[in-house]
Structures are given as structure tokens and as C-alpha cells.
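What follows is target_3.cif (mmCIF, C-alpha atoms and all ligand atoms).
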data_start
#
loop_
_atom_site.label_atom_id
_atom_site.label_comp_id
_atom_site.auth_asym_id
_atom_site.auth_seq_id
_atom_site.Cartn_x
_atom_site.Cartn_y
_atom_site.Cartn_z
CA MET A 1 69.15 -172.17 -95.46
CA ALA A 2 66.71 -169.65 -96.89
CA ARG A 3 69.30 -166.87 -96.57
CA GLY A 4 71.97 -169.06 -98.19
CA LEU A 5 69.66 -169.75 -101.11
CA MET A 6 68.86 -166.08 -101.58
CA LYS A 7 72.56 -165.15 -101.58
CA ARG A 8 72.84 -167.09 -104.83
CA THR A 9 69.58 -166.92 -106.72
CA VAL A 10 68.86 -164.45 -109.51
CA CYS A 11 65.44 -166.01 -110.10
CA ALA A 12 63.63 -165.10 -106.87
CA LYS A 13 63.07 -161.56 -105.62
CA SER A 14 62.57 -162.24 -101.91
CA ILE A 15 61.80 -165.02 -99.47
CA PHE A 16 59.28 -164.86 -96.61
CA GLU A 17 58.09 -166.94 -93.72
CA LEU A 18 54.45 -167.34 -94.68
CA TRP A 19 52.04 -166.59 -91.84
CA GLY A 20 48.81 -166.57 -93.81
CA HIS A 21 47.25 -166.94 -97.26
CA GLY A 22 43.75 -166.49 -98.69
CA ARG A 23 41.76 -165.84 -101.85
CA SER A 24 39.96 -162.93 -100.16
CA SER A 25 40.89 -160.63 -97.27
CA GLY A 26 38.46 -162.61 -95.05
CA GLU A 27 40.26 -165.84 -95.90
CA LEU A 28 43.66 -164.23 -95.25
CA TYR A 29 42.59 -162.98 -91.80
CA ALA A 30 41.14 -166.41 -90.89
CA SER A 31 44.37 -168.05 -92.00
CA LEU A 32 46.44 -165.58 -89.92
CA LYS A 33 44.27 -166.22 -86.86
CA SER A 34 45.01 -169.92 -87.12
CA TYR A 35 48.81 -169.39 -87.39
CA PRO A 36 50.41 -170.52 -84.08
CA VAL A 37 50.93 -167.46 -81.86
CA ASP A 38 54.13 -168.92 -80.38
CA LYS A 39 55.67 -168.77 -83.87
CA MET A 40 54.73 -165.09 -84.20
CA LEU A 41 55.64 -163.82 -80.74
CA PRO A 42 59.48 -163.76 -81.06
CA TYR A 43 59.03 -161.11 -83.77
CA LEU A 44 56.36 -159.03 -82.05
CA GLN A 45 58.09 -158.30 -78.72
CA SER A 46 57.56 -154.91 -77.07
CA ASP A 47 61.28 -154.06 -77.19
CA SER A 48 61.48 -154.69 -80.94
CA THR A 49 60.82 -152.46 -83.95
CA TYR A 50 58.87 -153.37 -87.04
CA LYS A 51 57.34 -152.19 -90.28
CA ILE A 52 54.57 -153.54 -92.52
CA HIS A 53 55.11 -153.20 -96.23
CA ILE A 54 52.46 -153.75 -98.87
CA HIS A 55 53.30 -155.02 -102.36
CA THR A 56 50.80 -155.44 -105.17
CA PHE A 57 51.20 -157.24 -108.49
CA ASN A 58 49.42 -155.76 -111.52
CA LYS A 59 47.78 -152.92 -109.59
CA THR A 60 48.88 -149.68 -107.94
CA LEU A 61 47.19 -148.73 -104.68
CA THR A 62 46.87 -145.22 -103.25
CA GLN A 63 48.60 -144.47 -99.96
CA ALA A 64 45.19 -144.30 -98.23
CA GLU A 65 44.23 -147.75 -99.58
CA LYS A 66 47.55 -149.16 -98.38
CA ILE A 67 47.14 -147.75 -94.87
CA LYS A 68 43.62 -149.14 -94.67
CA LYS A 69 44.89 -152.64 -95.49
CA ILE A 70 47.72 -152.36 -92.96
CA ASP A 71 45.36 -151.10 -90.25
CA ALA A 72 43.04 -154.05 -90.87
CA LEU A 73 45.78 -156.29 -89.45
CA GLU A 74 45.61 -154.78 -85.98
CA PHE A 75 44.15 -158.03 -84.62
CA LEU A 76 47.71 -159.45 -84.81
CA PRO A 77 49.52 -159.07 -81.45
CA PHE A 78 52.07 -156.43 -82.56
CA ASN A 79 53.71 -155.07 -79.36
CA GLY A 80 56.83 -153.48 -80.83
CA LYS A 81 57.34 -149.94 -82.07
CA VAL A 82 56.87 -148.96 -85.70
CA ASN A 83 60.13 -147.88 -87.32
CA LEU A 84 59.90 -147.14 -91.04
CA LYS A 85 63.61 -146.44 -91.61
CA ASN A 86 65.47 -149.20 -89.83
CA PRO A 87 63.09 -151.83 -88.44
CA GLU A 88 64.29 -155.12 -86.92
CA HIS A 89 61.42 -157.06 -88.46
CA VAL A 90 59.66 -156.39 -91.74
CA PHE A 91 56.29 -157.91 -92.60
CA TRP A 92 54.83 -157.95 -96.07
CA ILE A 93 51.29 -158.04 -97.39
CA LEU A 94 51.46 -159.37 -100.94
CA GLU A 95 48.43 -158.96 -103.21
CA ASP A 96 48.20 -160.64 -106.58
CA TYR A 97 45.85 -159.07 -109.16
CA GLY A 98 46.64 -161.56 -111.96
CA MET A 99 48.72 -161.21 -115.09
CA ASP A 100 46.43 -159.28 -117.45
CA PRO A 101 47.05 -155.50 -117.32
CA ASN A 102 43.88 -154.91 -119.41
CA ASN A 103 41.69 -156.82 -117.04
CA VAL A 104 42.62 -155.93 -113.47
CA PRO A 105 40.09 -157.27 -110.93
CA GLU A 106 38.71 -154.99 -108.21
CA GLU A 107 39.85 -157.38 -105.46
CA PRO A 108 43.08 -159.42 -105.45
CA ILE A 109 42.86 -163.08 -106.47
CA ASP A 110 45.47 -164.14 -103.92
CA LEU A 111 46.67 -162.49 -100.70
CA TYR A 112 49.66 -163.42 -98.56
CA PHE A 113 51.14 -162.15 -95.31
CA GLY A 114 54.59 -163.09 -94.08
CA ARG A 115 57.81 -162.15 -92.36
CA TRP A 116 60.51 -160.99 -94.77
CA ILE A 117 63.68 -163.05 -94.52
CA ALA A 118 66.00 -162.07 -97.40
CA ASP A 119 66.18 -160.65 -100.91
CA GLY A 120 67.61 -162.56 -103.88
CA GLN A 121 70.32 -161.32 -106.22
CA ARG A 122 68.11 -159.87 -108.97
CA GLU A 123 70.20 -156.68 -109.02
CA LEU A 124 73.11 -158.67 -110.50
CA ILE A 125 71.17 -158.91 -113.77
CA GLU A 126 71.42 -155.14 -114.10
CA SER A 127 74.92 -154.61 -112.70
CA TYR A 128 76.42 -157.33 -114.94
CA SER A 129 74.26 -156.50 -117.97
CA VAL A 130 75.92 -157.24 -121.33
CA LYS A 131 74.71 -153.80 -122.49
CA LYS A 132 77.26 -152.10 -120.25
CA ARG A 133 80.02 -154.68 -120.64
CA HIS A 134 83.43 -153.65 -121.94
CA PHE A 135 84.05 -156.58 -124.32
CA ILE A 136 81.16 -158.34 -126.05
CA GLY A 137 80.58 -160.57 -129.07
CA ASN A 138 77.57 -161.72 -131.10
CA THR A 139 76.86 -164.56 -128.71
CA SER A 140 77.86 -163.09 -125.33
CA MET A 141 75.80 -164.87 -122.70
CA ASP A 142 73.05 -162.91 -120.99
CA ALA A 143 73.96 -162.05 -117.38
CA CYS A 144 70.91 -163.67 -115.78
CA LEU A 145 71.48 -166.98 -117.60
CA SER A 146 75.18 -166.92 -116.72
CA PHE A 147 74.32 -166.70 -113.03
CA ILE A 148 71.76 -169.49 -113.36
CA MET A 149 74.46 -171.63 -114.99
CA ALA A 150 76.99 -170.89 -112.24
CA ASN A 151 74.35 -171.88 -109.69
CA HIS A 152 73.58 -175.13 -111.51
CA GLY A 153 77.32 -175.78 -111.48
CA ARG A 154 77.36 -175.09 -107.72
CA VAL A 155 80.39 -172.87 -108.27
CA LYS A 156 82.03 -171.98 -104.96
CA PRO A 157 85.04 -169.94 -103.79
CA ASN A 158 88.44 -171.28 -104.94
CA ASP A 159 86.96 -173.65 -107.54
CA VAL A 160 88.64 -173.82 -110.92
CA VAL A 161 86.00 -173.28 -113.60
CA PHE A 162 86.65 -173.95 -117.27
CA ASP A 163 84.76 -172.94 -120.41
CA PRO A 164 86.01 -174.79 -123.53
CA PHE A 165 84.00 -172.47 -125.86
CA VAL A 166 84.76 -169.31 -123.94
CA GLY A 167 84.03 -166.59 -126.54
CA THR A 168 83.99 -163.26 -124.70
CA GLY A 169 84.00 -165.03 -121.33
CA GLY A 170 80.40 -164.26 -120.34
CA LEU A 171 80.22 -167.49 -118.35
CA LEU A 172 83.50 -166.90 -116.55
CA ILE A 173 82.25 -163.63 -115.09
CA SER A 174 79.41 -165.16 -113.05
CA SER A 175 81.71 -167.92 -111.75
CA ALA A 176 84.37 -165.36 -110.76
CA HIS A 177 81.64 -163.37 -108.97
CA PHE A 178 81.17 -166.43 -106.73
CA GLY A 179 84.92 -166.55 -106.02
CA ALA A 180 86.08 -169.19 -108.53
CA TYR A 181 89.28 -169.01 -110.59
CA VAL A 182 88.36 -169.08 -114.25
CA CYS A 183 89.88 -170.04 -117.58
CA GLY A 184 88.75 -170.92 -121.05
CA THR A 185 89.64 -171.78 -124.61
CA ASP A 186 88.26 -170.71 -127.94
CA ILE A 187 89.19 -171.66 -131.47
CA ASP A 188 88.84 -168.04 -132.58
CA TYR A 189 92.17 -166.23 -132.41
CA ASN A 190 90.55 -162.82 -132.79
CA THR A 191 88.13 -163.38 -129.91
CA ILE A 192 90.86 -164.51 -127.51
CA HIS A 193 93.15 -161.66 -128.52
CA GLY A 194 90.38 -159.07 -128.61
CA LEU A 195 91.01 -158.27 -132.27
CA GLY A 196 88.83 -157.96 -135.35
CA LYS A 197 85.39 -156.50 -135.91
CA ALA A 198 83.47 -155.07 -132.97
CA SER A 199 79.98 -156.39 -132.17
CA ARG A 200 78.71 -152.96 -131.07
CA LYS A 201 76.60 -150.98 -133.53
CA ASN A 202 78.57 -147.76 -133.62
CA GLN A 203 82.04 -149.26 -133.53
CA LYS A 204 83.91 -150.84 -136.43
CA TRP A 205 86.94 -152.51 -134.81
CA ARG A 206 87.59 -153.78 -131.30
CA GLY A 207 89.54 -151.37 -129.12
CA PRO A 208 93.01 -152.08 -127.65
CA ASP A 209 91.78 -153.43 -124.32
CA GLU A 210 88.70 -155.41 -125.37
CA ASN A 211 89.33 -158.86 -123.96
CA ILE A 212 88.20 -161.25 -121.24
CA ARG A 213 90.70 -160.00 -118.67
CA ALA A 214 89.40 -156.44 -119.09
CA ASN A 215 85.83 -157.71 -118.59
CA LEU A 216 86.76 -159.28 -115.28
CA ARG A 217 88.63 -156.11 -114.31
CA GLN A 218 85.47 -154.09 -115.01
CA TYR A 219 83.74 -155.98 -112.20
CA GLY A 220 86.71 -156.03 -109.82
CA LEU A 221 87.27 -159.75 -110.49
CA GLU A 222 90.61 -159.71 -112.29
CA LYS A 223 92.35 -161.68 -109.55
CA TYR A 224 90.20 -164.70 -110.50
CA TYR A 225 91.42 -164.71 -114.11
CA LEU A 226 93.72 -167.65 -114.86
CA ASP A 227 93.97 -167.38 -118.64
CA ALA A 228 92.23 -167.77 -121.98
CA LEU A 229 93.90 -169.80 -124.71
CA VAL A 230 93.40 -170.25 -128.42
CA SER A 231 92.61 -173.93 -128.75
CA ASP A 232 90.29 -176.33 -130.52
CA SER A 233 88.15 -178.15 -127.96
CA SER A 234 88.05 -181.27 -130.13
CA LYS A 235 91.80 -181.73 -129.57
CA THR A 236 92.58 -181.64 -125.92
CA ILE A 237 95.65 -179.73 -124.78
CA TRP A 238 95.46 -180.69 -121.11
CA ARG A 239 97.62 -183.10 -119.18
CA LYS A 240 95.66 -186.08 -117.89
CA GLY A 241 94.03 -185.80 -114.49
CA MET A 242 91.08 -184.27 -112.71
CA LEU A 243 91.71 -180.61 -113.28
CA PHE A 244 88.46 -178.71 -113.16
CA ASP A 245 85.83 -178.38 -110.46
CA VAL A 246 83.18 -177.18 -112.89
CA ILE A 247 82.84 -176.94 -116.66
CA ILE A 248 80.31 -174.34 -117.80
CA THR A 249 79.88 -173.68 -121.47
CA ASP A 250 77.73 -172.61 -124.38
CA PRO A 251 78.93 -174.57 -127.42
CA PRO A 252 78.38 -173.13 -130.91
CA TYR A 253 75.13 -174.21 -132.65
CA GLY A 254 76.10 -172.80 -136.03
CA ILE A 255 73.46 -170.03 -135.90
CA ARG A 256 75.49 -166.93 -135.08
CA GLU A 257 78.89 -168.57 -135.18
CA ALA A 258 80.36 -171.45 -137.18
CA THR A 259 80.82 -174.92 -135.69
CA ARG A 260 84.33 -175.80 -136.70
CA ARG A 261 87.48 -177.52 -135.61
CA THR A 262 91.06 -177.37 -136.79
CA GLY A 263 91.75 -179.29 -139.96
CA SER A 264 94.91 -180.32 -141.73
CA GLN A 265 96.34 -178.39 -144.63
CA LYS A 266 95.68 -181.37 -146.91
CA GLU A 267 92.00 -181.89 -146.14
CA THR A 268 90.86 -178.28 -146.09
CA VAL A 269 93.11 -175.98 -148.00
CA LYS A 270 90.11 -174.07 -149.24
CA SER A 271 88.81 -173.13 -145.82
CA ALA A 272 92.04 -171.47 -144.69
CA GLU A 273 91.36 -168.03 -143.33
CA ARG A 274 93.67 -165.26 -142.26
CA SER A 275 92.90 -163.86 -138.81
CA THR A 276 95.86 -161.55 -138.53
CA GLU A 277 99.02 -161.08 -140.49
CA ASN A 278 100.79 -164.08 -139.06
CA HIS A 279 97.94 -166.35 -138.02
CA ILE A 280 96.37 -168.59 -140.65
CA PHE A 281 93.53 -170.78 -139.50
CA ILE A 282 92.52 -173.95 -141.31
CA SER A 283 89.20 -175.43 -140.28
CA SER A 284 86.82 -178.22 -141.12
CA SER A 285 83.19 -178.45 -140.01
CA TYR A 286 82.52 -179.85 -136.56
CA HIS A 287 79.17 -181.64 -136.33
CA LEU A 288 76.99 -180.78 -133.36
CA SER A 289 76.64 -184.45 -132.40
CA ASP A 290 80.45 -184.69 -132.20
CA ILE A 291 80.71 -181.43 -130.24
CA PHE A 292 78.43 -182.82 -127.51
CA PHE A 293 80.02 -186.29 -127.60
CA ASP A 294 83.49 -184.75 -127.18
CA LEU A 295 82.27 -182.34 -124.49
CA LEU A 296 80.86 -185.14 -122.33
CA LYS A 297 83.98 -187.25 -122.79
CA PHE A 298 86.12 -184.27 -121.84
CA ALA A 299 84.02 -183.59 -118.73
CA ALA A 300 84.13 -187.27 -117.73
CA GLU A 301 87.91 -187.22 -117.95
CA TYR A 302 88.85 -183.79 -116.59
CA LEU A 303 86.23 -183.02 -113.92
CA VAL A 304 86.89 -183.78 -110.27
CA MET A 305 84.61 -186.44 -108.80
CA GLY A 306 81.29 -184.76 -107.98
CA GLY A 307 82.19 -181.88 -110.32
CA ARG A 308 79.53 -180.57 -112.66
CA LEU A 309 79.15 -179.94 -116.37
CA VAL A 310 76.59 -177.29 -117.32
CA TYR A 311 75.89 -176.55 -120.98
CA TRP A 312 73.22 -175.56 -123.51
CA LEU A 313 71.87 -178.09 -125.99
CA PRO A 314 69.94 -176.72 -129.00
CA ILE A 315 66.69 -178.56 -129.69
CA TYR A 316 64.33 -178.83 -132.64
CA ARG A 317 61.17 -179.20 -130.56
CA PRO A 318 59.04 -181.45 -132.83
CA GLU A 319 61.77 -184.11 -132.60
CA TYR A 320 62.53 -183.78 -128.90
CA THR A 321 62.51 -186.79 -126.59
CA GLU A 322 64.67 -187.31 -123.50
CA GLU A 323 66.64 -189.96 -125.38
CA ILE A 324 68.38 -187.36 -127.51
CA ILE A 325 70.11 -185.82 -124.46
CA PRO A 326 73.76 -186.92 -124.76
CA ARG A 327 74.84 -189.40 -122.07
CA HIS A 328 78.08 -190.67 -120.63
CA PRO A 329 78.46 -193.52 -118.12
CA CYS A 330 80.61 -191.34 -115.83
CA LEU A 331 78.08 -188.48 -115.77
CA LYS A 332 74.69 -188.42 -114.10
CA LEU A 333 71.98 -186.14 -115.50
CA ILE A 334 70.98 -183.71 -112.74
CA SER A 335 68.63 -181.35 -114.54
CA ASN A 336 67.30 -180.48 -117.97
CA CYS A 337 65.50 -177.12 -118.32
CA GLU A 338 64.03 -175.69 -121.48
CA GLN A 339 64.39 -172.11 -122.74
CA MET A 340 62.12 -171.49 -125.72
CA LEU A 341 63.71 -169.73 -128.71
CA SER A 342 60.70 -170.05 -131.06
CA SER A 343 57.67 -172.35 -131.32
CA GLN A 344 59.87 -174.91 -133.08
CA THR A 345 63.26 -174.42 -131.46
CA SER A 346 64.59 -174.14 -127.95
CA ARG A 347 67.73 -174.79 -126.01
CA ARG A 348 68.02 -176.94 -122.95
CA LEU A 349 70.23 -176.19 -120.02
CA ILE A 350 71.78 -179.55 -119.19
CA THR A 351 73.48 -180.16 -115.84
CA MET A 352 75.46 -183.35 -115.24
CA GLU A 353 77.59 -184.53 -112.34
CA LYS A 354 80.62 -186.78 -112.45
CA VAL A 355 79.77 -189.92 -110.49
CA LYS A 356 82.28 -192.46 -111.78
CA GLU A 357 86.00 -192.42 -112.43
CA PHE A 358 87.02 -192.16 -116.07
CA LYS A 359 89.12 -194.98 -117.46
CA ASP A 360 90.66 -194.58 -120.89
CA GLN A 361 90.28 -198.25 -121.77
CA ASP A 362 86.52 -198.18 -121.00
CA GLN A 363 85.84 -195.33 -123.36
CA ASN A 364 85.82 -197.44 -126.53
CA SER A 365 83.33 -199.93 -125.16
CA TYR A 366 81.05 -197.10 -123.93
CA SER A 367 81.18 -195.51 -127.34
CA LEU A 368 79.71 -198.66 -128.92
CA ASP A 369 76.78 -198.85 -126.51
CA GLY A 370 73.65 -197.43 -128.25
CA GLN A 371 72.61 -195.13 -125.39
CA TYR A 372 75.99 -193.37 -125.43
CA MET A 373 76.27 -193.00 -129.23
CA PRO A 374 76.08 -189.47 -130.62
CA TYR A 375 72.56 -188.52 -131.81
CA LYS A 376 73.05 -187.49 -135.44
CA GLY A 377 69.75 -185.57 -135.46
CA HIS A 378 71.54 -182.71 -133.63
CA ASN A 379 73.54 -182.06 -136.78
CA SER A 380 70.64 -180.67 -138.79
CA PHE A 381 69.65 -178.13 -136.09
CA ARG A 382 70.95 -175.25 -138.21
CA GLU A 383 68.87 -176.23 -141.27
CA LYS A 384 65.78 -176.76 -139.12
CA TYR A 385 66.32 -173.46 -137.32
CA PHE A 386 66.67 -171.53 -140.55
CA SER A 387 63.77 -173.32 -142.27
CA GLY A 388 61.63 -172.16 -139.32
CA VAL A 389 63.02 -168.62 -139.59
CA THR A 390 62.50 -168.60 -143.38
CA LYS A 391 58.92 -169.79 -142.93
CA ARG A 392 58.28 -167.12 -140.30
CA ILE A 393 59.71 -164.33 -142.48
CA ALA A 394 57.62 -165.56 -145.45
CA LYS A 395 54.50 -165.57 -143.26
CA GLU A 396 55.25 -162.08 -141.91
CA GLU A 397 55.75 -160.79 -145.44
CA LYS A 398 52.47 -162.36 -146.52
CA ASP A 399 50.66 -160.88 -143.50
CA ASN A 400 52.15 -157.44 -144.27
CA GLN A 401 50.86 -157.63 -147.85
CA LYS A 402 47.30 -158.35 -146.68
C1 LIG B 501 78.12 -169.57 -128.31
S1 LIG B 501 79.75 -168.98 -128.41
C2 LIG B 501 80.21 -168.79 -126.75
C3 LIG B 501 79.88 -167.43 -126.24
C4 LIG B 501 80.36 -167.17 -124.84
N1 LIG B 501 79.59 -167.93 -123.87
C5 LIG B 501 80.31 -165.68 -124.50
O1 LIG B 501 79.70 -165.30 -123.46
O2 LIG B 501 80.86 -164.87 -125.25
C6 LIG B 501 80.65 -170.37 -128.93
C7 LIG B 501 82.13 -170.14 -129.10
O3 LIG B 501 82.72 -171.39 -129.47
C8 LIG B 501 83.83 -171.12 -130.29
N2 LIG B 501 84.17 -172.36 -131.01
C9 LIG B 501 83.62 -172.88 -132.12
N3 LIG B 501 84.20 -174.05 -132.43
C10 LIG B 501 85.15 -174.28 -131.48
C11 LIG B 501 86.08 -175.33 -131.23
N4 LIG B 501 86.17 -176.38 -132.05
N5 LIG B 501 86.88 -175.24 -130.15
C12 LIG B 501 86.82 -174.17 -129.30
N6 LIG B 501 85.96 -173.14 -129.50
C13 LIG B 501 85.14 -173.20 -130.56
C14 LIG B 501 83.36 -169.96 -131.17
O4 LIG B 501 84.48 -169.24 -131.68
C15 LIG B 501 82.52 -169.15 -130.19
O5 LIG B 501 83.28 -168.12 -129.62
#
Represent the structure of the file as C-alpha cells.
Amino acid sequence: MARGLMKRTVCAKSIFELWGHGRSSGELYASLKSYPVDKMLPYLQSDSTYKIHIHTFNKTLTQAEKIKKIDALEFLPFNGKVNLKNPEHVFWILEDYGMDPNNVPEEPIDLYFGRWIADGQRELIESYSVKKRHFIGNTSMDACLSFIMANHGRVKPNDVVFDPFVGTGGLLISSAHFGAYVCGTDIDYNTIHGLGKASRKNQKWRGPDENIRANLRQYGLEKYYLDALVSDSSKTIWRKGMLFDVIITDPPYGIREATRRTGSQKETVKSAERSTENHIFISSSYHLSDIFFDLLKFAAEYLVMGGRLVYWLPIYRPEYTEEIIPRHPCLKLISNCEQMLSSQTSRRLITMEKVKEFKDQDQNSYSLDGQYMPYKGHNSFREKYFSGVTKRIAKEEKDNQK
């Protein structure tokens, strides 16, 4: 189980079987002496090879100091042979010297000793970094968060994963890495077709092959690409039925991209915009409360039973209570984790699971029930966000003048 967990996580570096812990070396040794010998022996056999590694947090030790600490463990019944290059068993001493680099204590505040079991997937954060990605936009999702989202969605091989606000497909990449087939929609014609202005500093226009498919190709994942379509998520284009195993998405909050949906020529002639020579887009504003209401309804209808919806909900922190998390009777809230954006604003990673079959005729009665009504307070997130930013800039300017 531990190995299975570490094959997926980008949050943990390594996992160990803990043999001892103390707040001083004396305490650690006492704790190790009380660890059952029968649990140690299978890893200390005379025909086995081993290595002891020492890792310190917030302090660098000299080689001589390290060796001294390793030698102090000779009371443990190690019978195998030391092999530094390719040992069968690796043991770690972990020493924690706190978090403050300006105030490093002489002795560690916590010491641990254990048998190494597996490493996590932290290297994915670097290898999938947006900095080195072929096709990016202003809101491309950070690689680490994309993997966390795919894990919350429990994405597995051969799943079909859908992102209704796909942008540059940042969230599809992590799902494809775990072997899922991926697809998405976005209202922005230029994004889906890889046209228009580039988001990179030194580049004016997007190049000929800047699109989601090319991103997946960059990581050897092209075979998992189903398609990306230009479509407004408020108007579903899908045939009825349970189509998707997982829906993972980052809806627009109106900060770096507009929240909009398709309008009719009559209602919004003014907001028509020309994306390319033959594509004219007419939009009207799409309130955040409606975006989330529609997203949950869509997930309730189109997810397989037990399938998950994972998305980010922007939050104005002074007004936050659990009641403002959008609900749907077919979806159970699994987790709700905060990522701070500023002292006043954050976004919450919401994970929900489909637990009840969706019935069209029930939808209207659900919609009238208070707990399932859209929370209108979400709509003013943009104003609140920018009033905070404006206040911060004004304060910084004031401080600079002092
Ligand atoms: C936060 S971005 C998603 C970024 C994406 N996760 C990525 O890695 O590039 C939100 C996206 O939603 C799109 N969008 C806005 N309104 C939409 C709508 N009504 N239907 C579909 N997409 C919409 C925007 O064009 C934008 O690309």
C-alpha cells in the first residue's frame, strides 16, 4: 500500500518504516532499543547488503559528523554487508533542525530512524514544469497542482477524463500521465486552435504547432489525446448518458480571463469579437455562481456512478463558510482544501463523487431547495479580489514613499 501511494503522490518525498524517534539522540537510541527485534531481523540478515543514509533538514553536516552518527548505531544487530552502490536495504537517519535558517540549533529538535520503502513522484513537478512546456497560456495550471488534482480524481488507466474549461490542457496532461484518455472544451477559439497572442515574454504570436495535442506529444502521451473542442460549457453538446469517469477543471474566475458564455446576436451585438477572419464570437457575461451551478449539474448528469469532479472554487476569505460550497444531491463532498492566494483571497480544491443517479425530472425540484441554490456571493469575487489588490498596491506605494 505504501508503495502504491508513493507511485502517485507529488506531495511526499519518501516513505519509511519508522523504527525509532526521539527529541535527542539518547531518546532515539532508547526508542530503537525498544523496537521489536523480530521486526528488524528480516532486513539485517548476514546474506543481505545494506546502507545507512543520513538526511538533515536546515543544517549541513560534515562527512566526519555523518560517520560519527552512523557509527553510534552499531548497537543495532546489523549482520549484512555494507554496499553503498546497490544495497538491498537502505536505512535513513533523519534529523530536523527546525524551519528558521537564521536560528539553527546545535542539536536537532527531532530525530528519526527507519527503513526506506519508496520515493514519491516529486520529480514530476520538474519534468512537467510549465516553464518548459510547448504550449502555455496565462492561466496554465501548475504541474504540481495538476497532479494533485488527478490524484483527487483517482484517475486510472483507460479512464475518460474531461475538462470543460480546458484552456491549454494543463489538467489533461497529468491525467494522461496516469494512463487516462483525455478531452476538453473551451469557449476560446484561439486557445483550442493554438492561434493568437503568445503568453511567453519574448514571443508575439503562437507558433504553428502550439496546441494541446503538441503538449501531450512533448511528454510522449499523444495516444491518450481524444480531442479538444470549441464549445461553451453552459450549453451542453453531449448526448445524454454517463460518459466521463472523471471531470477535472479550473473554471475561469474573471481575474486573468473573462467569465463568459455564448450570447445571441440580439442580446449582445456590442460584445461581438473577431477571433480569426471567419470566426465571430458573441458573448455575454457568465456569473460565477452560474458557472459552478452548471458545472455540478453537468457532473451529476455525465459522470459515471462513483466518478469524481475535481475543481477550484475562488473564495473571498472574510466571507467563507462551508455553506457557500456548491452542492448537488447526486454529488457527495469528498474533500475541500484551501490554497491561499492572498490574506483575503484563496481558492479551494473541491472534490465530489457521484453517489446518486441523475434524473432530469428531479433537477427542477433540487434547484428550488435552498441548500442547492447558487450562492450569489461568488459573483463579486472579481471586485473583492481587485479591491484587495488595489489596497495592497496603495499600501506598497505609501510604504515606498516613507
Ligand atoms: C482558468 S482557465 C483554464 C486553464 C487550464 N486549466 C490550463 O491549464 O490552461 C479557464 C478557461 O475557461 C475558458 N472559458 C471561459 N468561459 C467558458 C465557457 N463558458 N465555456 C467553456 N470555456 C470557458 C477560458 O477561455 C479559459 O481558457
Given 5 Å on each side, where is the centre and what are the edge lengths in Å to one decimal of the axis-aligned box enclosing the listed atoms of ligand LIG 501 (chain B), as AutoDock Vina command-line options?
--center_x 82.5 --center_y -170.6 --center_z -127.9 --size_x 18.8 --size_y 21.5 --size_z 19.0
From the list A:Met6, A:Lys201, A:Tyr253, A:Leu76, the nearest residue to A:Pro36 using all atoms listed in the file is A:Leu76
Could you pull the residues within 7 Å of A:Phe57, counting all atoms listed in the file, minus those fewer than 3 positions along the same chain, as number ranges by chain?
A: 95-97
So that I have them on file, write out the residues from the current selection with C-alpha atoms, as an mmCIF file, in the frame of the given file.
data_model
loop_
_atom_site.group_PDB
_atom_site.id
_atom_site.type_symbol
_atom_site.label_atom_id
_atom_site.label_comp_id
_atom_site.auth_asym_id
_atom_site.auth_seq_id
_atom_site.Cartn_x
_atom_site.Cartn_y
_atom_site.Cartn_z
ATOM 1 C CA GLU A 95 48.430 -158.960 -103.210
ATOM 2 C CA ASP A 96 48.200 -160.640 -106.580
ATOM 3 C CA TYR A 97 45.850 -159.070 -109.160
#
Which one is closest to A:Phe16: A:Pro108, A:Gly120, A:Pro251, A:Pro87? Count only C-alpha atoms.
A:Gly120
Please check which protein, DNA or RNA residues sit within 7 Å of ligand LIG 501 (chain B), counting all atoms listed in the file, and write them as a ChimeraX atom specification.
/A:136-137,139-141,164-171,185-188,191,231-234,249-252,257-262,286
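Nearest residue to A:Leu41 among A:Arg23, A:Phe78, A:Leu341, A:Asn190 is A:Phe78, counting only C-alpha atoms.
Our summary of the geometry notes that atom CA of A:Met1 is positioned 15.9 Å from atom CA of A:Lys13.
The environment of A:Ile248 within 8 Å, counting only C-alpha atoms and disregarding residues fewer than 4 places along the same chain, consists of Met149, Ala150, Gly153, Val161, Phe162, Asp163, Leu171, Leu309, Val310 and Tyr311 of chain A.
Once A:Leu288 and its same-chain neighbours fewer than 6 positions away are set aside, Pro251, Pro252, Tyr253, Gly254, Thr259, Arg260, Asp294, Leu313, Pro314, Pro374, Tyr375, Lys376, Gly377, His378, Asn379, Ser380, Phe381 and Arg382 of chain A remain within 10 Å of it when counting all atoms listed in the file.
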Near-A:Gln339 list (7 Å; all atoms listed in the file; drop same-chain fewer than 4 positions) as a list of chain:residue names:
A:Ser346, A:Arg347, A:Arg348
For the selection you just gave me, I'd like the residues written to a file as a PDB file, in the coordinates of the input, keeping C-alpha atoms.
ATOM      1  CA  SER A 346      64.590-174.140-127.950  1.00  0.00           C
ATOM      2  CA  ARG A 347      67.730-174.790-126.010  1.00  0.00           C
ATOM      3  CA  ARG A 348      68.020-176.940-122.950  1.00  0.00           C
TER       4      ARG A 348
END
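For the pair atom CA of A:Arg8 and atom CA of A:Lys156, the interatomic distance is 10.4 Å.
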Considering all atoms listed in the file, return as an NGL selection string whatever protein or nucleic-acid residues lie within 12 Å of stretch 65-67 of chain A, sequence-local ones (same chain, fewer than 5 positions apart) excluded.
:A and (52-56 or 59-60 or 72-74 or 92-95)
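Interatomic distance, atom CA of A:Ser146 to atom CA of A:Gln344: 23.8 Å.
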